[in-house]
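These notes concern the structure reproduced below.
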Amino acid sequence: MDRPTIIAGNWKHNPDRNLGESLWREVAAGTMSRIPAGEHNPPVKVVIFPPTPWLGWLVSREGLECLGNGFPESAVLEIGMQEISDRPVGAYTGEVGAELAHQFGARWTLVGHSERRIHFGETDEDVARRLTAAVDHGLCPLLCIGETSEERDAGRTFEVVSHQLEVGLSRFDKKHEYAIAYEPVWAIGTGRTATVEQVEDVHQHLRELLQKKIGSASDGIPILYGGSVKPDNARDLLGLDVVDGALVGGASLKAASFLEILDAGIATA
Ligand code: 13P
C-alpha cells in the first residue's frame with residue numbers, strides 16, 4: 001500500500017511574531033508551488049506544528065491568503081498542535097484540547113515528543129490518554145518515540161521503542177488513524193543524525209511490530225524519522241523504503257532549508 005510522504009516542521013517554542021509570518025508565507029508559497037493544490041490524497045504533504053498562538057493566525061484570513069485557494073480544502077498543507085490536553089473542554093486553566101484546536105484549524109497533533117517527556121515528565125500512560133483525546137476529536141496524532149544515548153549504548157533501543165509504542169497505543173484498536181515519528185533523543189538538536197543503517201533498522205523493527213499488532217491495517221500508518229534532518233542528509237534518509245517522511249525541528253525555521261527537505265521528499269516519494 002502506498003503511504004503519503006509527510007514532511008513535517010516542528011517549530012517548537014519559536015519563531016517570534018515577525019519571523020513567523022514571513023516563514024509561513026514562504027513555506028506556504030513554496031509548498032503550493034511544488035504540490036498541486038486540491039489533491040485530496042497527495043503523494044507528498046506538509047504539516048506544520050507552530051506554537052499555539054500561531055495556530056489562530058495561520059488560519060486567519062491573512063494567514064490563508066498566503067495559500068491562494070488551496071487551503072483548507074486541500075490536504076497538501078495542514079497544521080497541527082505540538083501538544084494537546086487530555087482534558088475535556090471546561091474548567092482546566094491553561095489547557096488546550098483537541099476539540100478546540102480542531103475548531104481553529106488543527107488537523108494533527110504531536111504526542112509524546114521527547115522534550116515533553118524529558119522536561120515535563122510525560123509518561124507513556126499520559127501519551128496513551130492524549131492519543132485517544134486526539135482521535136476522539138478528529139486530530140491525527142503523530143506519536144513520537146525514541147531512545148536516549150544511554151539506552152542505545154546499553155543495546156536497549158528496540159526494547160525502549162517497542163515499550164513506548166505498546167503502551168502508547170494500548171487504548172487504540174485497528175481502525176484508528178495515526179502516524180509515528182522515530183526520533184532518537186541523542187539526534188535531536190545536536191546535529192548528530194542517526195546513520196542510514198540505524199534508521200533503517202529501527203524503522204524496519206517498528207513496521208514489523210505494527211504488522212504483528214494490527215495486521216494489514218498497519219500498511220497505512222506512516223513512520224517518519226526526526227533528529228537533525230537537514231537538506232544535506234534528507235535525500236539519503238527519505239530515500240529509504242521504510243522511511244515515510246521527516247519531522248524537522250531546527251531546519252524548519254528557515255523556509256529555504258525546509259523547502260529543500262521537501263524537494264528531497266518529492267524526489268524520493
Ligand atoms: P531537530 O531537527 O532540531 O533535531 O529537531 C527534531 C525534532 O525534535 C522534531 O520534532
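Here's how to read the names in the C-alpha cells: chain A, B, ... by the order shown, residue numbers from 1 in each chain, ligand numbers from 1 in the order shown.
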
Skip Arg192 of chain A itself and residues of its chain fewer than 4 positions away, then list as JSON, numbers by chain all residues within 12 Å of it, counting only C-alpha atoms. {"A": [149, 183, 184, 185, 186, 187, 188, 226, 227, 228, 229, 230, 233]}

For the residues in the current selection, export C-alpha atoms as a PDB file, in the first residue's frame.
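What follows is the written file again.pdb:
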ATOM      1  CA  SER A 149      22.055   7.735  24.029  1.00  0.00           C
ATOM      2  CA  GLU A 183      13.200  10.459  16.959  1.00  0.00           C
ATOM      3  CA  PRO A 184      16.301   9.228  18.766  1.00  0.00           C
ATOM      4  CA  VAL A 185      16.757  11.667  21.648  1.00  0.00           C
ATOM      5  CA  TRP A 186      20.517  11.903  21.049  1.00  0.00           C
ATOM      6  CA  ALA A 187      19.927  13.146  17.500  1.00  0.00           C
ATOM      7  CA  ILE A 188      17.524  15.965  18.382  1.00  0.00           C
ATOM      8  CA  GLY A 226      13.224  13.026  13.126  1.00  0.00           C
ATOM      9  CA  GLY A 227      16.540  14.206  14.567  1.00  0.00           C
ATOM     10  CA  SER A 228      18.842  16.729  12.863  1.00  0.00           C
ATOM     11  CA  VAL A 229      17.251  16.265   9.446  1.00  0.00           C
ATOM     12  CA  LYS A 230      18.898  18.807   7.132  1.00  0.00           C
ATOM     13  CA  ASN A 233      21.050  14.332   4.684  1.00  0.00           C
TER      14      ASN A 233
END

Tell me, as a PyMOL selection string, which residues lie within 12 Å of Gln103 of chain A, counting only C-alpha atoms; anything in the same chain fewer than 4 positions away does not count. chain A and resi 55-56+59+80+96-99+107+137-139

Enumerate, as an NGL selection string, the complete set of residues in segment 46-213 of chain A that a backbone-based DSSP assignment places in strand (DSSP E or B). :A and (46-49 or 77-81 or 85 or 97 or 106-111 or 140-145 or 179-182)

Please write the residues from the selection above to a file, keeping C-alpha atoms, as a tab-separated table (two decimals), in the first residue's frame.
chain	number	residue	atom	x	y	z
A	46	VAL	CA	3.43	19.15	4.50
A	47	VAL	CA	2.35	19.53	8.12
A	48	ILE	CA	3.46	22.48	10.25
A	49	PHE	CA	3.35	22.36	14.05
A	77	LEU	CA	-0.54	21.67	3.71
A	78	GLU	CA	-2.01	21.09	7.15
A	79	ILE	CA	-1.30	22.39	10.61
A	80	GLY	CA	-1.16	20.73	13.98
A	81	MET	CA	-0.68	21.23	17.70
A	85	SER	CA	-4.58	18.31	26.77
A	97	GLY	CA	-7.54	20.31	23.95
A	106	ALA	CA	-5.59	21.98	13.51
A	107	ARG	CA	-5.74	18.59	11.85
A	108	TRP	CA	-2.75	16.96	13.61
A	109	THR	CA	-1.06	16.89	16.95
A	110	LEU	CA	2.32	15.70	18.17
A	111	VAL	CA	2.07	13.35	21.13
A	140	CYS	CA	-4.45	12.74	13.60
A	141	PRO	CA	-1.77	12.07	16.25
A	142	LEU	CA	1.90	11.83	15.36
A	143	LEU	CA	3.29	9.66	18.14
A	144	CYS	CA	6.96	10.40	18.86
A	145	ILE	CA	9.19	7.71	20.28
A	179	ALA	CA	1.43	8.27	12.36
A	180	ILE	CA	4.66	7.54	14.17
A	181	ALA	CA	7.90	9.51	14.35
A	182	TYR	CA	11.08	7.75	15.37

Write out as a ChimeraX atom specification the set of residues from segment 163-258 of chain A that DSSP, computed on the backbone, places in helix (DSSP H, G or I). /A:163-168,185-187,196-220,231-238,250-253,255-258

Counting only C-alpha atoms, what is within 10 Å of Asp244 of chain A, bar same-chain residues fewer than 2 positions away, as a PDB file with N, CA and C atoms, in the first residue's frame?
ATOM      1  N   ASP A   2       0.473   2.240  -0.785  1.00  0.00           N
ATOM      2  CA  ASP A   2       1.253   3.487  -0.836  1.00  0.00           C
ATOM      3  C   ASP A   2       0.873   4.397   0.318  1.00  0.00           C
ATOM      4  N   ARG A   3       1.878   4.776   1.065  1.00  0.00           N
ATOM      5  CA  ARG A   3       1.635   5.763   2.137  1.00  0.00           C
ATOM      6  C   ARG A   3       2.137   7.105   1.631  1.00  0.00           C
ATOM      7  N   PRO A   4       1.453   8.209   2.042  1.00  0.00           N
ATOM      8  CA  PRO A   4       1.980   9.510   1.604  1.00  0.00           C
ATOM      9  C   PRO A   4       3.306   9.783   2.298  1.00  0.00           C
ATOM     10  N   THR A   5       4.169  10.552   1.643  1.00  0.00           N
ATOM     11  CA  THR A   5       5.369  11.060   2.311  1.00  0.00           C
ATOM     12  C   THR A   5       4.969  12.328   3.041  1.00  0.00           C
ATOM     13  N   ILE A   6       5.318  12.401   4.321  1.00  0.00           N
ATOM     14  CA  ILE A   6       4.935  13.573   5.111  1.00  0.00           C
ATOM     15  C   ILE A   6       6.188  14.337   5.525  1.00  0.00           C
ATOM     16  N   ILE A   7       6.247  15.602   5.131  1.00  0.00           N
ATOM     17  CA  ILE A   7       7.365  16.448   5.562  1.00  0.00           C
ATOM     18  C   ILE A   7       6.777  17.429   6.580  1.00  0.00           C
ATOM     19  N   VAL A  44       2.730  13.604  -1.499  1.00  0.00           N
ATOM     20  CA  VAL A  44       3.589  14.256  -0.503  1.00  0.00           C
ATOM     21  C   VAL A  44       2.759  15.358   0.155  1.00  0.00           C
ATOM     22  N   ALA A 179       0.110   8.414  12.981  1.00  0.00           N
ATOM     23  CA  ALA A 179       1.427   8.270  12.361  1.00  0.00           C
ATOM     24  C   ALA A 179       2.444   8.195  13.488  1.00  0.00           C
ATOM     25  N   ILE A 180       3.620   7.713  13.150  1.00  0.00           N
ATOM     26  CA  ILE A 180       4.664   7.541  14.165  1.00  0.00           C
ATOM     27  C   ILE A 180       5.906   8.301  13.706  1.00  0.00           C
ATOM     28  N   ALA A 181       6.599   8.899  14.673  1.00  0.00           N
ATOM     29  CA  ALA A 181       7.896   9.506  14.345  1.00  0.00           C
ATOM     30  C   ALA A 181       8.955   8.855  15.234  1.00  0.00           C
ATOM     31  N   HIS A 203      13.289   1.516  11.968  1.00  0.00           N
ATOM     32  CA  HIS A 203      12.030   1.631  11.220  1.00  0.00           C
ATOM     33  C   HIS A 203      11.509   0.254  10.803  1.00  0.00           C
ATOM     34  N   ILE A 221      -0.068   3.236   7.994  1.00  0.00           N
ATOM     35  CA  ILE A 221       0.477   4.098   9.050  1.00  0.00           C
ATOM     36  C   ILE A 221       1.889   4.563   8.703  1.00  0.00           C
ATOM     37  N   PRO A 222       2.060   5.863   8.459  1.00  0.00           N
ATOM     38  CA  PRO A 222       3.396   6.353   8.090  1.00  0.00           C
ATOM     39  C   PRO A 222       4.334   6.363   9.294  1.00  0.00           C
ATOM     40  N   ILE A 223       5.596   6.035   9.050  1.00  0.00           N
ATOM     41  CA  ILE A 223       6.634   6.137  10.087  1.00  0.00           C
ATOM     42  C   ILE A 223       7.679   7.140   9.603  1.00  0.00           C
ATOM     43  N   LEU A 224       7.746   8.271  10.329  1.00  0.00           N
ATOM     44  CA  LEU A 224       8.662   9.360   9.957  1.00  0.00           C
ATOM     45  C   LEU A 224       9.941   9.255  10.787  1.00  0.00           C
ATOM     46  N   TYR A 225      10.994   9.849  10.264  1.00  0.00           N
ATOM     47  CA  TYR A 225      12.227   9.970  11.053  1.00  0.00           C
ATOM     48  C   TYR A 225      12.415  11.438  11.450  1.00  0.00           C
ATOM     49  N   LEU A 237      18.050   9.815   3.862  1.00  0.00           N
ATOM     50  CA  LEU A 237      17.100   9.290   4.849  1.00  0.00           C
ATOM     51  C   LEU A 237      15.742   9.017   4.199  1.00  0.00           C
ATOM     52  N   LEU A 238      15.277   9.984   3.419  1.00  0.00           N
ATOM     53  CA  LEU A 238      13.949   9.829   2.812  1.00  0.00           C
ATOM     54  C   LEU A 238      13.960   8.805   1.683  1.00  0.00           C
ATOM     55  N   GLY A 239      15.147   8.504   1.191  1.00  0.00           N
ATOM     56  CA  GLY A 239      15.267   7.504   0.121  1.00  0.00           C
ATOM     57  C   GLY A 239      15.070   6.077   0.627  1.00  0.00           C
ATOM     58  N   LEU A 240      15.100   5.878   1.937  1.00  0.00           N
ATOM     59  CA  LEU A 240      14.890   4.529   2.488  1.00  0.00           C
ATOM     60  C   LEU A 240      13.422   4.128   2.317  1.00  0.00           C
ATOM     61  N   ASP A 241      13.189   2.889   1.886  1.00  0.00           N
ATOM     62  CA  ASP A 241      11.810   2.423   1.710  1.00  0.00           C
ATOM     63  C   ASP A 241      11.002   2.471   2.999  1.00  0.00           C
ATOM     64  N   VAL A 242      11.701   2.273   4.121  1.00  0.00           N
ATOM     65  CA  VAL A 242      10.982   2.195   5.402  1.00  0.00           C
ATOM     66  C   VAL A 242      10.775   3.565   6.058  1.00  0.00           C
ATOM     67  N   ALA A 246       9.701  13.018   7.215  1.00  0.00           N
ATOM     68  CA  ALA A 246      10.642  13.597   8.175  1.00  0.00           C
ATOM     69  C   ALA A 246       9.913  14.546   9.099  1.00  0.00           C
ATOM     70  N   GLY A 265      11.894  15.050  -0.337  1.00  0.00           N
ATOM     71  CA  GLY A 265      10.718  14.185  -0.139  1.00  0.00           C
ATOM     72  C   GLY A 265       9.986  13.938  -1.454  1.00  0.00           C
ATOM     73  N   THR A 268      11.992  11.549  -3.752  1.00  0.00           N
ATOM     74  CA  THR A 268      12.114  10.151  -3.337  1.00  0.00           C
ATOM     75  C   THR A 268      10.756   9.474  -3.113  1.00  0.00           C
ATOM     76  N   ALA A 269       9.663  10.230  -3.288  1.00  0.00           N
ATOM     77  CA  ALA A 269       8.324   9.673  -2.986  1.00  0.00           C
ATOM     78  C   ALA A 269       7.969   8.565  -3.973  1.00  0.00           C
TER      79      ALA A 269
END

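Using only C-alpha atoms, the smallest distance between any of A:Gly250, A:Pro231, A:Gly189, A:Pro88 and Ser114 of chain A comes from A:Gly189.
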
For ligand 1, which residue among A:Trp54, A:Trp11, A:Phe172, A:Tyr92 is the nearest when counting only C-alpha atoms and all ligand atoms? A:Trp11

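Distance-wise, atom CA of Val76 of chain A and atom CA of Met32 of chain A end up 7.8 Å apart.
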
From the options A:Val243, A:Ile214, A:Ala8, A:Ala255, which residue's atoms come nearest to ligand 1, counting only C-alpha atoms and all ligand atoms?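 Counting only C-alpha atoms and all ligand atoms, the residue closest to ligand 1 is A:Ala8.
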
Return the single residue from A:Pro51, A:Val160, A:Ala251, A:Ala154 that is closest to ligand 1, with distances computed using only C-alpha atoms and all ligand atoms.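 Among the listed residues, A:Ala251 lies closest to ligand 1.
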
Which residues are near Thr123 of chain A? Cut-off 12 Å, only C-alpha atoms, ignore same chain within fewer than 5 positions. Put them as a VMD selection string. chain A and resid 111 to 118 128 to 130 145 163 to 164 167 to 168
